[in-house]
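Okay, target15.cif now, which holds mmCIF, C-alpha atoms and all ligand atoms:
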data_data
loop_
_atom_site.label_atom_id
_atom_site.label_comp_id
_atom_site.auth_asym_id
_atom_site.auth_seq_id
_atom_site.Cartn_x
_atom_site.Cartn_y
_atom_site.Cartn_z
CA MET A 1 -24.47 -9.82 3.24
CA VAL A 2 -22.92 -6.36 2.93
CA THR A 3 -23.29 -4.38 6.16
CA THR A 4 -23.22 -0.66 6.84
CA GLU A 5 -20.17 -1.32 8.98
CA ASP A 6 -18.35 -2.88 5.99
CA VAL A 7 -19.10 0.20 3.91
CA TYR A 8 -17.97 2.63 6.60
CA GLY A 9 -14.84 0.51 7.07
CA ALA A 10 -14.06 0.86 3.37
CA LEU A 11 -14.86 4.59 3.42
CA ARG A 12 -12.30 5.06 6.16
CA ALA A 13 -9.74 4.20 3.51
CA VAL A 14 -10.89 7.08 1.29
CA MET A 15 -8.60 9.94 2.15
CA ASP A 16 -9.09 13.56 1.35
CA PRO A 17 -5.39 14.18 0.80
CA GLU A 18 -5.90 17.91 0.99
CA LEU A 19 -7.36 17.72 4.45
CA GLY A 20 -5.21 14.86 5.66
CA SER A 21 -7.95 12.60 6.93
CA ASP A 22 -10.58 10.17 5.69
CA VAL A 23 -14.08 11.09 4.51
CA VAL A 24 -15.78 9.44 7.52
CA ASP A 25 -13.66 11.26 10.04
CA LEU A 26 -14.19 14.53 8.20
CA GLY A 27 -17.97 14.06 8.31
CA MET A 28 -18.28 14.04 4.54
CA VAL A 29 -20.43 10.90 4.32
CA THR A 30 -24.08 11.92 4.17
CA HIS A 31 -25.68 8.51 3.76
CA VAL A 32 -25.07 4.85 2.99
CA ASP A 33 -27.91 2.83 1.44
CA ILE A 34 -27.51 -0.89 0.88
CA ASP A 35 -29.82 -2.96 -1.27
CA GLY A 36 -28.36 -6.45 -1.74
CA GLY A 37 -25.21 -5.92 -3.82
CA ASP A 38 -26.11 -2.30 -4.63
CA VAL A 39 -24.58 0.40 -2.48
CA GLU A 40 -25.25 4.12 -2.66
CA VAL A 41 -22.90 6.46 -0.85
CA GLY A 42 -23.53 10.16 -0.36
CA ILE A 43 -20.49 12.40 -0.15
CA ALA A 44 -20.70 16.09 0.72
CA LEU A 45 -17.85 18.01 -0.86
CA THR A 46 -16.47 21.25 0.51
CA ILE A 47 -17.55 23.06 -2.65
CA ALA A 48 -19.55 21.81 -5.62
CA GLU A 49 -16.67 22.36 -8.05
CA CYS A 50 -14.19 20.79 -5.66
CA PRO A 51 -11.08 19.96 -7.68
CA MET A 52 -10.82 16.68 -5.77
CA ARG A 53 -14.29 15.60 -6.81
CA GLY A 54 -13.23 13.13 -9.50
CA GLN A 55 -10.59 11.61 -7.30
CA ILE A 56 -12.83 11.19 -4.25
CA ASP A 57 -15.60 9.81 -6.44
CA ALA A 58 -13.24 7.26 -8.05
CA GLU A 59 -11.68 6.27 -4.72
CA THR A 60 -15.09 5.74 -3.12
CA ASN A 61 -16.18 3.61 -6.05
CA ARG A 62 -13.06 1.52 -6.00
CA LYS A 63 -12.86 0.94 -2.25
CA VAL A 64 -16.54 0.26 -1.62
CA GLY A 65 -16.59 -1.83 -4.80
CA ALA A 66 -13.82 -4.01 -3.36
CA ILE A 67 -16.00 -5.21 -0.47
CA PRO A 68 -16.93 -8.84 -1.08
CA GLY A 69 -20.58 -8.99 -2.13
CA VAL A 70 -20.79 -5.46 -3.51
CA GLU A 71 -21.82 -5.46 -7.15
CA ARG A 72 -22.62 -1.83 -7.96
CA VAL A 73 -21.61 1.40 -6.29
CA LYS A 74 -23.30 4.73 -6.84
CA VAL A 75 -21.69 7.85 -5.46
CA VAL A 76 -23.94 10.87 -5.01
CA THR A 77 -22.03 14.07 -4.39
CA THR A 78 -23.50 17.23 -2.89
CA ALA A 79 -21.96 20.46 -1.70
CA MET A 80 -21.61 21.34 1.97
CA THR A 81 -23.36 24.26 3.60
CA LYS A 82 -21.23 27.06 4.98
CA ARG A 83 -21.71 25.72 8.48
CA GLN A 84 -20.76 22.13 7.55
CA ARG A 85 -17.70 23.50 5.84
CA SER A 86 -16.51 25.37 8.90
CA GLU A 87 -17.07 22.25 11.03
CA LEU A 88 -15.02 20.26 8.57
CA MET A 89 -12.18 22.74 8.67
CA GLU A 90 -12.29 22.56 12.45
CA THR A 91 -11.86 18.76 12.28
CA ALA A 92 -9.10 19.15 9.70
CA ARG A 93 -7.32 21.63 11.95
CA LEU A 94 -7.60 19.22 14.89
CA ARG A 95 -6.27 16.33 12.78
CA ALA A 96 -3.39 18.44 11.54
CA ARG A 97 -2.39 19.03 15.14
CA GLU A 98 -2.75 15.35 16.07
CA ARG A 99 -1.18 14.03 12.92
CA ALA A 100 2.39 14.06 14.15
CA GLN A 101 1.46 11.09 16.35
CA PRO A 102 -0.43 8.54 14.27
CA THR A 103 2.06 7.99 11.44
CA ARG A 104 4.71 9.90 9.60
CA VAL A 105 3.75 8.50 6.23
CA PRO A 106 2.65 11.56 4.21
CA THR A 107 -1.13 11.59 3.61
CA GLN A 108 -0.70 11.80 -0.15
CA THR A 109 1.44 8.62 -0.21
CA ARG A 110 -0.18 5.57 -1.80
CA VAL A 111 0.43 2.54 0.40
CA LEU A 112 0.58 -0.89 -1.24
CA ALA A 113 0.92 -3.94 1.00
CA ILE A 114 2.39 -6.87 -0.91
CA ALA A 115 0.81 -9.95 0.65
CA SER A 116 0.06 -13.59 -0.11
CA GLY A 117 -1.95 -16.47 1.23
CA LYS A 118 1.21 -18.52 1.72
CA GLY A 119 4.94 -18.02 2.32
CA GLY A 120 7.73 -18.29 -0.22
CA VAL A 121 5.74 -17.27 -3.30
CA GLY A 122 7.93 -14.26 -4.02
CA LYS A 123 6.48 -11.34 -2.04
CA SER A 124 9.86 -9.81 -1.26
CA THR A 125 11.15 -10.29 -4.82
CA THR A 126 7.96 -8.69 -6.15
CA THR A 127 8.18 -5.82 -3.66
CA VAL A 128 11.72 -4.73 -4.56
CA ASN A 129 11.33 -5.17 -8.31
CA VAL A 130 7.94 -3.49 -8.57
CA ALA A 131 9.20 -0.68 -6.32
CA ALA A 132 12.24 -0.22 -8.58
CA ALA A 133 10.04 -0.24 -11.68
CA ILE A 134 7.63 2.36 -10.22
CA ALA A 135 10.61 4.53 -9.25
CA ASP A 136 11.92 4.22 -12.82
CA LEU A 137 8.61 5.72 -13.99
CA GLY A 138 9.68 8.86 -12.14
CA PHE A 139 7.97 8.46 -8.78
CA ARG A 140 9.45 8.74 -5.30
CA VAL A 141 9.11 5.27 -3.79
CA GLY A 142 9.74 3.81 -0.34
CA VAL A 143 10.03 0.18 0.72
CA LEU A 144 9.10 -0.90 4.22
CA ASP A 145 10.16 -4.38 5.24
CA ALA A 146 7.37 -5.52 7.57
CA ASP A 147 8.95 -8.95 7.85
CA ILE A 148 10.50 -7.96 11.15
CA TRP A 149 12.50 -11.14 11.82
CA GLY A 150 12.56 -12.75 8.41
CA PHE A 151 13.76 -9.58 6.64
CA SER A 152 15.22 -10.03 3.17
CA ILE A 153 14.90 -6.54 1.67
CA PRO A 154 18.41 -5.27 2.57
CA ARG A 155 20.05 -8.22 0.78
CA MET A 156 17.77 -7.91 -2.22
CA LEU A 157 18.59 -4.21 -2.55
CA GLY A 158 22.27 -4.78 -1.85
CA THR A 159 22.59 -2.41 1.06
CA THR A 160 24.48 -2.75 4.32
CA ASP A 161 24.03 0.91 5.26
CA ARG A 162 22.64 1.63 8.68
CA ILE A 163 19.58 3.68 9.54
CA GLU A 164 20.67 6.87 11.28
CA ALA A 165 18.63 9.05 13.60
CA ASP A 166 18.29 12.81 13.16
CA GLU A 167 18.43 15.37 15.97
CA ALA A 168 14.75 14.71 16.78
CA ALA A 169 15.56 10.98 17.18
CA LEU A 170 13.62 10.11 14.02
CA MET A 171 14.98 7.32 11.83
CA ILE A 172 16.19 8.36 8.39
CA PRO A 173 15.54 5.70 5.73
CA VAL A 174 18.52 4.26 3.87
CA GLU A 175 18.72 5.12 0.14
CA ALA A 176 19.33 2.05 -2.03
CA GLN A 177 18.74 1.64 -5.77
CA GLY A 178 16.93 4.98 -5.76
CA LEU A 179 14.46 3.79 -3.11
CA GLN A 180 13.93 4.83 0.50
CA VAL A 181 14.33 1.68 2.56
CA VAL A 182 13.53 0.71 6.14
CA SER A 183 14.06 -2.75 7.59
CA THR A 184 15.05 -4.27 10.93
CA GLY A 185 18.03 -5.61 8.97
CA LEU A 186 19.31 -2.03 8.71
CA ILE A 187 19.19 -1.25 12.41
CA THR A 188 22.55 -1.09 14.17
CA GLU A 189 23.13 -4.26 16.05
CA ASP A 190 24.74 -2.95 19.14
CA GLU A 191 23.55 -4.74 22.22
CA GLY A 192 21.21 -2.04 23.42
CA THR A 193 19.19 -1.70 20.24
CA ALA A 194 19.15 -5.43 19.59
CA LEU A 195 17.65 -5.94 23.02
CA MET A 196 15.15 -3.20 22.51
CA TRP A 197 13.98 -4.69 19.23
CA ARG A 198 13.84 -8.18 20.61
CA GLY A 199 11.58 -6.91 23.37
CA LEU A 200 9.17 -5.27 20.94
CA MET A 201 6.10 -7.10 19.80
CA LEU A 202 5.99 -7.49 16.04
CA SER A 203 3.12 -5.07 15.67
CA LYS A 204 4.97 -2.60 17.90
CA ALA A 205 8.00 -2.78 15.64
CA LEU A 206 5.82 -1.95 12.65
CA GLU A 207 4.31 0.92 14.60
CA GLN A 208 7.81 2.27 15.25
CA PHE A 209 8.56 2.17 11.56
CA LEU A 210 5.43 4.10 10.74
CA THR A 211 5.66 6.68 13.51
CA GLN A 212 9.41 7.15 14.01
CA VAL A 213 10.67 7.12 10.46
CA LYS A 214 11.10 10.38 8.58
CA TRP A 215 9.92 9.38 5.12
CA ALA A 216 10.46 11.86 2.28
CA ASP A 217 7.73 14.53 2.18
CA ASP A 218 7.19 13.85 -1.50
CA LEU A 219 6.87 10.07 -1.21
CA ASP A 220 4.40 8.96 -3.92
CA TYR A 221 4.29 5.23 -3.13
CA LEU A 222 5.20 3.13 -0.13
CA LEU A 223 5.44 -0.61 -0.80
CA ILE A 224 5.25 -2.83 2.23
CA ASP A 225 6.74 -6.31 2.10
CA MET A 226 4.39 -8.28 4.32
CA PRO A 227 5.53 -11.25 6.37
CA PRO A 228 4.00 -14.64 5.54
CA GLY A 229 0.75 -15.41 7.31
CA THR A 230 -2.36 -13.45 8.05
CA GLY A 231 -1.80 -12.34 11.62
CA ASP A 232 -0.97 -9.33 13.78
CA ILE A 233 1.04 -7.33 11.29
CA GLN A 234 -1.82 -7.18 8.79
CA MET A 235 -4.22 -5.96 11.46
CA ALA A 236 -1.70 -3.45 12.84
CA LEU A 237 -1.03 -2.10 9.38
CA SER A 238 -4.65 -1.36 8.58
CA ARG A 239 -5.15 0.21 12.00
CA LEU A 240 -2.15 2.50 11.57
CA LEU A 241 -2.48 3.18 7.85
CA PRO A 242 -6.15 2.94 6.88
CA GLN A 243 -5.25 4.00 3.33
CA ALA A 244 -3.23 0.81 2.75
CA GLU A 245 -4.33 -1.41 -0.13
CA MET A 246 -3.31 -4.96 -0.85
CA VAL A 247 -1.62 -6.56 -3.83
CA VAL A 248 -1.72 -10.36 -3.69
CA VAL A 249 1.13 -12.48 -4.98
CA THR A 250 0.45 -16.06 -5.97
CA THR A 251 2.06 -18.83 -8.03
CA PRO A 252 0.33 -20.65 -10.90
CA GLN A 253 0.15 -23.94 -9.04
CA GLN A 254 -1.54 -22.63 -5.92
CA THR A 255 -5.17 -23.59 -5.68
CA ALA A 256 -6.82 -20.31 -6.44
CA GLN A 257 -9.94 -21.02 -4.45
CA ARG A 258 -8.13 -21.86 -1.25
CA VAL A 259 -5.87 -18.81 -1.50
CA ALA A 260 -8.84 -16.62 -2.32
CA VAL A 261 -10.70 -17.64 0.82
CA ARG A 262 -7.71 -16.87 3.05
CA VAL A 263 -6.84 -13.60 1.38
CA ALA A 264 -10.43 -12.37 1.23
CA ASP A 265 -10.79 -13.15 4.91
CA MET A 266 -7.63 -11.22 5.70
CA ALA A 267 -8.85 -8.28 3.62
CA ARG A 268 -12.21 -8.26 5.30
CA ARG A 269 -10.88 -8.40 8.83
CA SER A 270 -8.44 -5.61 8.16
CA HIS A 271 -10.73 -3.55 5.87
CA MET A 272 -7.88 -3.52 3.37
CA PRO A 273 -9.11 -3.46 -0.21
CA ILE A 274 -7.43 -5.83 -2.66
CA ILE A 275 -6.43 -4.02 -5.81
CA GLY A 276 -4.88 -6.75 -7.91
CA VAL A 277 -3.07 -10.06 -8.23
CA VAL A 278 0.49 -10.67 -9.39
CA GLU A 279 1.24 -14.18 -10.62
CA ASN A 280 4.86 -15.06 -9.91
CA MET A 281 7.01 -17.85 -11.40
CA SER A 282 4.52 -18.07 -14.26
CA THR A 283 6.64 -19.54 -17.03
CA PHE A 284 10.29 -20.43 -17.36
CA VAL A 285 12.11 -18.51 -20.05
CA CYS A 286 15.27 -20.31 -21.18
CA ASP A 287 18.29 -18.54 -22.61
CA HIS A 288 16.96 -19.08 -26.13
CA GLY A 289 13.81 -17.19 -25.26
CA GLU A 290 11.51 -20.20 -25.22
CA GLU A 291 8.86 -20.35 -22.49
CA TYR A 292 7.88 -23.36 -20.40
CA ALA A 293 4.97 -23.40 -17.94
CA LEU A 294 6.78 -25.54 -15.35
CA PHE A 295 4.25 -24.97 -12.63
CA GLY A 296 1.14 -25.08 -14.75
CA SER A 297 -0.68 -21.94 -15.71
CA GLY A 298 -3.73 -19.86 -15.05
CA GLY A 299 -3.53 -19.78 -11.24
CA GLY A 300 -3.08 -16.03 -11.14
CA GLN A 301 -6.00 -15.31 -13.44
CA GLN A 302 -8.20 -17.74 -11.51
CA LEU A 303 -7.36 -16.06 -8.22
CA ALA A 304 -7.97 -12.62 -9.77
CA ASP A 305 -11.36 -13.85 -11.00
CA GLU A 306 -12.23 -15.28 -7.58
CA LEU A 307 -11.38 -11.97 -5.97
CA ALA A 308 -12.93 -9.94 -8.80
CA VAL A 309 -9.78 -7.84 -9.25
CA PRO A 310 -7.43 -7.51 -12.23
CA LEU A 311 -4.36 -9.65 -12.80
CA VAL A 312 -1.73 -6.91 -12.94
CA GLY A 313 1.28 -9.01 -13.93
CA SER A 314 2.66 -12.48 -14.65
CA ILE A 315 6.33 -12.60 -13.73
CA PRO A 316 8.26 -15.42 -15.40
CA LEU A 317 10.64 -17.73 -13.56
CA ASP A 318 13.96 -16.05 -14.14
CA THR A 319 17.32 -17.10 -12.72
CA ALA A 320 18.33 -13.41 -12.85
CA LEU A 321 15.79 -12.86 -10.07
CA VAL A 322 17.52 -15.38 -7.83
CA SER A 323 21.04 -14.05 -8.46
CA GLY A 324 19.75 -10.47 -8.50
CA GLY A 325 18.14 -11.08 -5.12
CA ASP A 326 21.37 -12.48 -3.69
CA ASP A 327 23.58 -9.79 -5.21
CA GLY A 328 21.27 -6.88 -4.53
CA VAL A 329 20.61 -5.90 -8.14
CA PRO A 330 16.87 -6.03 -8.93
CA PRO A 331 16.52 -6.97 -12.63
CA ALA A 332 13.56 -4.58 -12.96
CA HIS A 333 16.06 -1.74 -12.55
CA HIS A 334 19.27 -3.25 -13.94
CA SER A 335 18.01 -5.28 -16.89
CA PRO A 336 14.64 -3.70 -17.67
CA ASP A 337 14.53 -5.39 -21.07
CA SER A 338 14.94 -8.94 -19.75
CA PRO A 339 11.77 -11.09 -19.71
CA SER A 340 11.14 -10.43 -16.01
CA GLY A 341 12.27 -6.79 -16.31
CA LEU A 342 9.71 -6.15 -19.04
CA GLU A 343 6.94 -7.76 -17.04
CA TYR A 344 7.81 -5.78 -13.90
CA ARG A 345 7.61 -2.60 -15.94
CA ARG A 346 4.20 -3.59 -17.22
CA THR A 347 3.08 -4.49 -13.68
CA ALA A 348 4.32 -1.15 -12.33
CA ALA A 349 2.47 0.74 -15.05
CA GLU A 350 -0.74 -1.23 -14.34
CA LEU A 351 -0.52 -0.50 -10.61
CA VAL A 352 0.11 3.20 -11.20
CA LYS A 353 -2.92 3.25 -13.48
CA LEU A 354 -5.08 1.49 -10.86
CA VAL A 355 -3.83 3.61 -7.98
CA PRO A 356 -2.74 6.89 -9.52
CA PRO A 357 -0.61 9.23 -7.45
CA LEU A 358 -2.68 11.53 -5.27
CA GLU A 359 -2.71 15.23 -6.07
CA ASP A 360 -2.76 17.56 -3.13
CA GLU A 361 -1.83 20.88 -4.63
CA THR A 362 -5.16 22.62 -4.86
CA CYS A 363 -6.62 25.51 -2.94
CA VAL A 364 -8.08 23.57 0.00
CA GLY A 365 -4.82 21.62 0.29
CA ARG A 366 -2.82 24.79 0.58
CA MET A 367 -5.31 26.04 3.16
CA ALA A 368 -4.86 22.86 5.21
CA LYS A 369 -1.08 23.19 5.02
CA LEU A 370 -1.34 26.77 6.14
CA LEU A 371 -3.41 25.70 9.15
CA GLU A 372 -0.86 23.04 9.94
CA SER A 373 1.96 25.57 10.00
CA LEU A 374 0.15 27.92 12.42
N1 LIG A 401 10.06 -15.15 -10.68
C1 LIG A 401 11.03 -15.79 -10.03
N2 LIG A 401 11.95 -16.51 -10.70
C2 LIG A 401 12.92 -17.18 -10.07
N3 LIG A 401 13.08 -17.18 -8.74
C3 LIG A 401 12.22 -16.46 -8.00
C4 LIG A 401 11.16 -15.72 -8.59
N4 LIG A 401 10.48 -15.10 -7.60
C5 LIG A 401 11.07 -15.43 -6.44
N5 LIG A 401 12.13 -16.26 -6.66
C6 LIG A 401 13.01 -16.86 -5.66
O1 LIG A 401 12.19 -17.59 -4.76
C7 LIG A 401 12.63 -17.46 -3.43
C8 LIG A 401 11.49 -16.94 -2.55
O2 LIG A 401 11.18 -15.62 -2.95
P1 LIG A 401 10.85 -14.47 -1.90
O3 LIG A 401 11.85 -14.45 -0.81
O4 LIG A 401 10.65 -13.23 -2.68
O5 LIG A 401 9.47 -15.02 -1.36
P2 LIG A 401 8.57 -14.49 -0.13
O6 LIG A 401 7.15 -14.69 -0.51
O7 LIG A 401 8.97 -13.11 0.23
O8 LIG A 401 8.99 -15.48 1.01
P3 LIG A 401 8.64 -15.38 2.59
O9 LIG A 401 7.21 -15.79 2.70
O10 LIG A 401 9.59 -16.31 3.22
O11 LIG A 401 8.85 -13.94 2.97
C9 LIG A 401 13.85 -16.56 -3.49
O12 LIG A 401 15.01 -17.32 -3.49
C10 LIG A 401 13.70 -15.81 -4.80
O13 LIG A 401 14.96 -15.45 -5.36
MG MG A 402 9.65 -12.34 2.07
#
Translate the structure described by the file into structure tokens.
Amino acid sequence: MVTTEDVYGALRAVMDPELGSDVVDLGMVTHVDIDGGDVEVGIALTIAECPMRGQIDAETNRKVGAIPGVERVKVVTTAMTKRQRSELMETARLRARERAQPTRVPTQTRVLAIASGKGGVGKSTTTVNVAAAIADLGFRVGVLDADIWGFSIPRMLGTTDRIEADEAALMIPVEAQGLQVVSTGLITEDEGTALMWRGLMLSKALEQFLTQVKWADDLDYLLIDMPPGTGDIQMALSRLLPQAEMVVVTTPQQTAQRVAVRVADMARRSHMPIIGVVENMSTFVCDHGEEYALFGSGGGQQLADELAVPLVGSIPLDTALVSGGDDGVPPAHHSPDSPSGLEYRRTAAELVKLVPPLEDETCVGRMAKLLESL
């Protein structure tokens, strides 16, 4: 049964990047009608020819459509009255003032949480390689290691640099392999900070990373390497970054049904839409180019079918990924024409197609920025 609450939860993930908040908060949702698997959502736009119309329409479709049980989504757009519009600008102004607190992740940044139903399936490997491949397409990409104690991102990206603070005591991400990187592994380990971090709850540590890090203003994508499990961090993430969407990593031999139940449950509890599945360790490619399905095949597609999302990539078993992970040279960036490199490039392109970069350079956006600077 799809509930109104489910739909509003999903709509909270639809951002108006120009106004820097979600469509529910901005009072743009006029109605939600549910009839079994059919959902109709009314959205009032600031102006009928709003340049964001297509984007908001597509986002609403995608995010409401990702709710388990929803079969069809109809978005009905109308234009706001003058009065509604001035109320909306008032809310936008208020949010602009408050925004410094909630998170420092720019509102136009696409946030992809790389998660799985089980540990050790290759989340971290997928995160760094997909991030590198998206960056190679010309986007500004950040990687946040949300595996607070089990961090592996610094090693995989080959960096031992330390995160520095600027004069406002904000953390400046480390630059590695063309990516902005933040991880507990990059925090100075003097006694004071180590103690401070040890004292922080896991979800608090994540909160620090989202509120105290000065990410690049032009960050297009932020990939978050999730820790194994389905606990606190997932919930904290969706609370702090309602625009986050989930990419699920699985291996061919995992029982799709069992993983699907866990992952769907996690997505539902955190209102995080699932956008696609990446199958990892799909086939083994030997040096002669022959492929062997060591772990069976089809698990990724089955999981994607169970979750009703696309399979966005099938990464082969590749020893270059193991050595690359240990030596800090992601094959997606350093050997883009290797079997895994090619597949990471395809995966990156699929993800960018599914979640295109958000535009925020239109009239209302400039107006909102102007308000912010007052
Ligand atoms: N496609 C692949 N081919 C070969 N080795 C791989 C592949 N993907 C991951 N690995 C190796 O498998 C191991 C586990 O991968 P990784 O650390 O990325 O998993 P994880 O899901 O992040 O684990 P955890 O749940 O512990 O965070 C690593 O040693 C990594 O190098
Ligand atoms: Mg990991």
Test item: residues at most 12 Å from Ala176 in chain A, all atoms listed in the file, excluding those fewer than 4 positions along its chain, as a PyMOL selection string:
chain A and resi 128+131-132+135+141-143+153-163+180-183+186+328-330+333
With 6 Å on each side, where is the centre of the axis-aligned box around all listed atoms of range 206-215 of chain A, and how long are its edges in Å to one decimal, as AutoDock Vina command-line options?
--center_x 7.7 --center_y 4.2 --center_z 10.2 --size_x 18.8 --size_y 24.3 --size_z 22.1
Given a cut-off of 10 Å, what residues near ligand LIG 401 (chain A) show up using only C-alpha atoms and all ligand atoms, put as a PDB file with C-alpha atoms, in the coordinates of the input?
ATOM      1  CA  ILE A 114       2.390  -6.870  -0.910  1.00  0.00           C
ATOM      2  CA  ALA A 115       0.810  -9.950   0.650  1.00  0.00           C
ATOM      3  CA  SER A 116       0.060 -13.590  -0.110  1.00  0.00           C
ATOM      4  CA  GLY A 117      -1.950 -16.470   1.230  1.00  0.00           C
ATOM      5  CA  LYS A 118       1.210 -18.520   1.720  1.00  0.00           C
ATOM      6  CA  GLY A 119       4.940 -18.020   2.320  1.00  0.00           C
ATOM      7  CA  GLY A 120       7.730 -18.290  -0.220  1.00  0.00           C
ATOM      8  CA  VAL A 121       5.740 -17.270  -3.300  1.00  0.00           C
ATOM      9  CA  GLY A 122       7.930 -14.260  -4.020  1.00  0.00           C
ATOM     10  CA  LYS A 123       6.480 -11.340  -2.040  1.00  0.00           C
ATOM     11  CA  SER A 124       9.860  -9.810  -1.260  1.00  0.00           C
ATOM     12  CA  THR A 125      11.150 -10.290  -4.820  1.00  0.00           C
ATOM     13  CA  THR A 126       7.960  -8.690  -6.150  1.00  0.00           C
ATOM     14  CA  THR A 127       8.180  -5.820  -3.660  1.00  0.00           C
ATOM     15  CA  VAL A 128      11.720  -4.730  -4.560  1.00  0.00           C
ATOM     16  CA  ASN A 129      11.330  -5.170  -8.310  1.00  0.00           C
ATOM     17  CA  ASP A 145      10.160  -4.380   5.240  1.00  0.00           C
ATOM     18  CA  ALA A 146       7.370  -5.520   7.570  1.00  0.00           C
ATOM     19  CA  ASP A 147       8.950  -8.950   7.850  1.00  0.00           C
ATOM     20  CA  TRP A 149      12.500 -11.140  11.820  1.00  0.00           C
ATOM     21  CA  GLY A 150      12.560 -12.750   8.410  1.00  0.00           C
ATOM     22  CA  PHE A 151      13.760  -9.580   6.640  1.00  0.00           C
ATOM     23  CA  SER A 152      15.220 -10.030   3.170  1.00  0.00           C
ATOM     24  CA  ILE A 153      14.900  -6.540   1.670  1.00  0.00           C
ATOM     25  CA  MET A 156      17.770  -7.910  -2.220  1.00  0.00           C
ATOM     26  CA  ASP A 225       6.740  -6.310   2.100  1.00  0.00           C
ATOM     27  CA  MET A 226       4.390  -8.280   4.320  1.00  0.00           C
ATOM     28  CA  PRO A 227       5.530 -11.250   6.370  1.00  0.00           C
ATOM     29  CA  PRO A 228       4.000 -14.640   5.540  1.00  0.00           C
ATOM     30  CA  GLY A 229       0.750 -15.410   7.310  1.00  0.00           C
ATOM     31  CA  VAL A 249       1.130 -12.480  -4.980  1.00  0.00           C
ATOM     32  CA  THR A 250       0.450 -16.060  -5.970  1.00  0.00           C
ATOM     33  CA  THR A 251       2.060 -18.830  -8.030  1.00  0.00           C
ATOM     34  CA  GLU A 279       1.240 -14.180 -10.620  1.00  0.00           C
ATOM     35  CA  ASN A 280       4.860 -15.060  -9.910  1.00  0.00           C
ATOM     36  CA  MET A 281       7.010 -17.850 -11.400  1.00  0.00           C
ATOM     37  CA  SER A 282       4.520 -18.070 -14.260  1.00  0.00           C
ATOM     38  CA  THR A 283       6.640 -19.540 -17.030  1.00  0.00           C
ATOM     39  CA  PHE A 284      10.290 -20.430 -17.360  1.00  0.00           C
ATOM     40  CA  VAL A 285      12.110 -18.510 -20.050  1.00  0.00           C
ATOM     41  CA  SER A 314       2.660 -12.480 -14.650  1.00  0.00           C
ATOM     42  CA  ILE A 315       6.330 -12.600 -13.730  1.00  0.00           C
ATOM     43  CA  PRO A 316       8.260 -15.420 -15.400  1.00  0.00           C
ATOM     44  CA  LEU A 317      10.640 -17.730 -13.560  1.00  0.00           C
ATOM     45  CA  ASP A 318      13.960 -16.050 -14.140  1.00  0.00           C
ATOM     46  CA  THR A 319      17.320 -17.100 -12.720  1.00  0.00           C
ATOM     47  CA  ALA A 320      18.330 -13.410 -12.850  1.00  0.00           C
ATOM     48  CA  LEU A 321      15.790 -12.860 -10.070  1.00  0.00           C
ATOM     49  CA  VAL A 322      17.520 -15.380  -7.830  1.00  0.00           C
ATOM     50  CA  SER A 323      21.040 -14.050  -8.460  1.00  0.00           C
ATOM     51  CA  GLY A 324      19.750 -10.470  -8.500  1.00  0.00           C
ATOM     52  CA  GLY A 325      18.140 -11.080  -5.120  1.00  0.00           C
ATOM     53  CA  ASP A 326      21.370 -12.480  -3.690  1.00  0.00           C
ATOM     54  CA  SER A 340      11.140 -10.430 -16.010  1.00  0.00           C
TER      55      SER A 340
END
Could you tell me how far CA of Thr109 in chain A lies from CA of Leu222 in chain A, in Å and to one decimal?
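Pair CA of Thr109 in chain A / CA of Leu222 in chain A returns 6.7 Å.
By all atoms listed in the file, and with residues fewer than 2 positions from Val355 in chain A along its chain excluded, the set lying at most 9 Å from it is Glu59, Arg110, Ile275, Glu350, Leu351, Val352, Lys353, Pro357 and Leu358 of chain A.
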May I ask for the distance between CA of Glu167 in chain A and CA of Pro106 in chain A, given in Å to one decimal place?
20.0 Å
For Arg258 in chain A, find every residue with an atom within 12 Å (counting only C-alpha atoms), except residues of its own chain fewer than 4 positions away, and show them as JSON, numbers by chain.
{"A": [116, 117, 118, 250, 253, 254, 262, 263, 264, 265, 299, 302, 303, 306, 307]}
May I have the protein, DNA and RNA residues with any atom at most 9 Å from the point (-21.5, 4.3, -1.2), counting all atoms listed in the file, written as a PyMOL selection string?
chain A and resi 7-8+11+29+31-34+38-43+60-61+64-65+73-76
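Using only C-alpha atoms and all ligand atoms, the smallest distance between any of A:Glu87, A:Leu144, A:Asp220, A:Ile134 and ligand MG 402 (chain A) comes from A:Leu144.
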Between CA of Gly313 in chain A and CA of Ala66 in chain A, what is the distance, to one decimal in Å?
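CA of Ala66 in chain A lies 19.1 Å from CA of Gly313 in chain A.
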Which residues, protein or nucleic acid, reach to within 7 Å of (3.6, 14.0, 1.1) in the file's coordinates when using all atoms listed in the file, and can you give that as a list in words?
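Here the neighbourhood of the point contains Pro106, Thr107, Gln108, Thr109, Asp217, Asp218 and Leu219 of chain A.
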Would you output that residue set with C-alpha atoms, as a tab-separated table (two decimals), in the coordinates of the input?
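Result written to result32.tsv:
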chain	number	residue	atom	x	y	z
A	106	PRO	CA	2.65	11.56	4.21
A	107	THR	CA	-1.13	11.59	3.61
A	108	GLN	CA	-0.70	11.80	-0.15
A	109	THR	CA	1.44	8.62	-0.21
A	217	ASP	CA	7.73	14.53	2.18
A	218	ASP	CA	7.19	13.85	-1.50
A	219	LEU	CA	6.87	10.07	-1.21
